[in-house]
Every structure is written in structure tokens, then in C-alpha cells.
Amino acid sequence: MIKLKTIYSTKNDYYIVVIRNPKSKCYELHRSVWLSNLEDFDYLLKKCNPLFAFHNLSDVRYYARKIIAGEDF
């Protein structure tokens, strides 16, 4: 199961993280080539644009599993 605020490595040599935005009440999927870019969750919420944003946690977990498996969107 994909957990919130846990950084995962993908088969395509980059990293993803799923976080919940408290302002918009949605779940955001962020990705980066560098692990250090994903470690500061406050910075991600304030300054960065997510790869995907969903209102439903099951939807964002579905896409996160696909990305970890190597599928690219």
C-alpha cells in the first residue's frame, strides 16, 4: 500500500511522494530525479506544482503504483 509522506523509488530512476494538501483537501503526487527535492513537504506544498492531484486517496495510490512499476504518464 502506498503511504502518505513516504518517498518511493521508481523503476525509471526517479522518486515520488504522495502528500495531502491541507488547504485544498486534495492528495498530491510529486516526483523528482533527486531525493533531496522531495524531503521538504512544506516546500512542495507551497512552491511546487504536483504531477497529479486527486480528491480521492485511492485514485492517487492507483497512479502511484503504476508509476513505481515503470509506467510513465
# chains A, B, ... in the order shown; residues from 1 in each chain; ligands from 1
>>> residues_around(residues="region 41-47 of chain A", least_positions_apart="6", cutoff="10 Å", atoms="only C-alpha atoms", output="list of chain:residue names")
A:Lys5, A:Val17, A:Val18, A:Ile19, A:Arg20, A:Asn21, A:Pro22, A:Lys23, A:Glu28, A:His30
>>> write_last_selection(atoms="C-alpha atoms", output="PDB file, in the first residue's frame")
ATOM      1  CA  LYS A   5       4.639  11.216   3.204  1.00  0.00           C
ATOM      2  CA  VAL A  17       5.877  11.100  -2.825  1.00  0.00           C
ATOM      3  CA  VAL A  18       2.164  11.430  -2.033  1.00  0.00           C
ATOM      4  CA  ILE A  19       1.151  14.212   0.349  1.00  0.00           C
ATOM      5  CA  ARG A  20      -2.156  15.749   1.406  1.00  0.00           C
ATOM      6  CA  ASN A  21      -2.622  19.456   0.890  1.00  0.00           C
ATOM      7  CA  PRO A  22      -4.440  20.795   3.975  1.00  0.00           C
ATOM      8  CA  LYS A  23      -5.729  23.913   2.189  1.00  0.00           C
ATOM      9  CA  GLU A  28      -0.845  15.448  -4.492  1.00  0.00           C
ATOM     10  CA  HIS A  30       5.107  14.841  -6.680  1.00  0.00           C
TER      11      HIS A  30
END
>>> residues_around(residues="Ile2 (chain A)", least_positions_apart="6", cutoff="8 Å", atoms="only C-alpha atoms", output="PyMOL selection string")
chain A and resi 61+64-65
>>> write_last_selection(atoms="N, CA and C atoms", output="short mmCIF file (atom, residue, chain, number, x, y, z; two decimals), in the first residue's frame")
data_model
loop_
_atom_site.label_atom_id
_atom_site.label_comp_id
_atom_site.auth_asym_id
_atom_site.auth_seq_id
_atom_site.Cartn_x
_atom_site.Cartn_y
_atom_site.Cartn_z
N ARG A 61 -3.25 6.64 -5.15
CA ARG A 61 -2.49 5.41 -4.89
C ARG A 61 -2.42 4.54 -6.15
N ALA A 64 0.18 6.11 -8.37
CA ALA A 64 1.50 5.94 -7.76
C ALA A 64 2.03 4.53 -7.98
N ARG A 65 1.16 3.53 -7.85
CA ARG A 65 1.59 2.15 -8.11
C ARG A 65 2.01 1.96 -9.57
#
>>> atom_distance(atom1="CA of Asp40 (chain A)", atom2="CA of Lys66 (chain A)")
23.8 Å
>>> select_by_dssp(residues="region 24-63 of chain A", states="strand (DSSP E)", output="PyMOL selection string")
chain A and resi 26-32+52-54
>>> closest_residue(among="A:Leu38, A:Leu51, A:Cys26, A:Val33", to="Thr6 (chain A)", atoms="only C-alpha atoms")
A:Leu38
>>> select_by_dssp(residues="chain A", states="helix (DSSP H, G or I)", output="ChimeraX atom specification")
/A:35-38,41-47,57-68
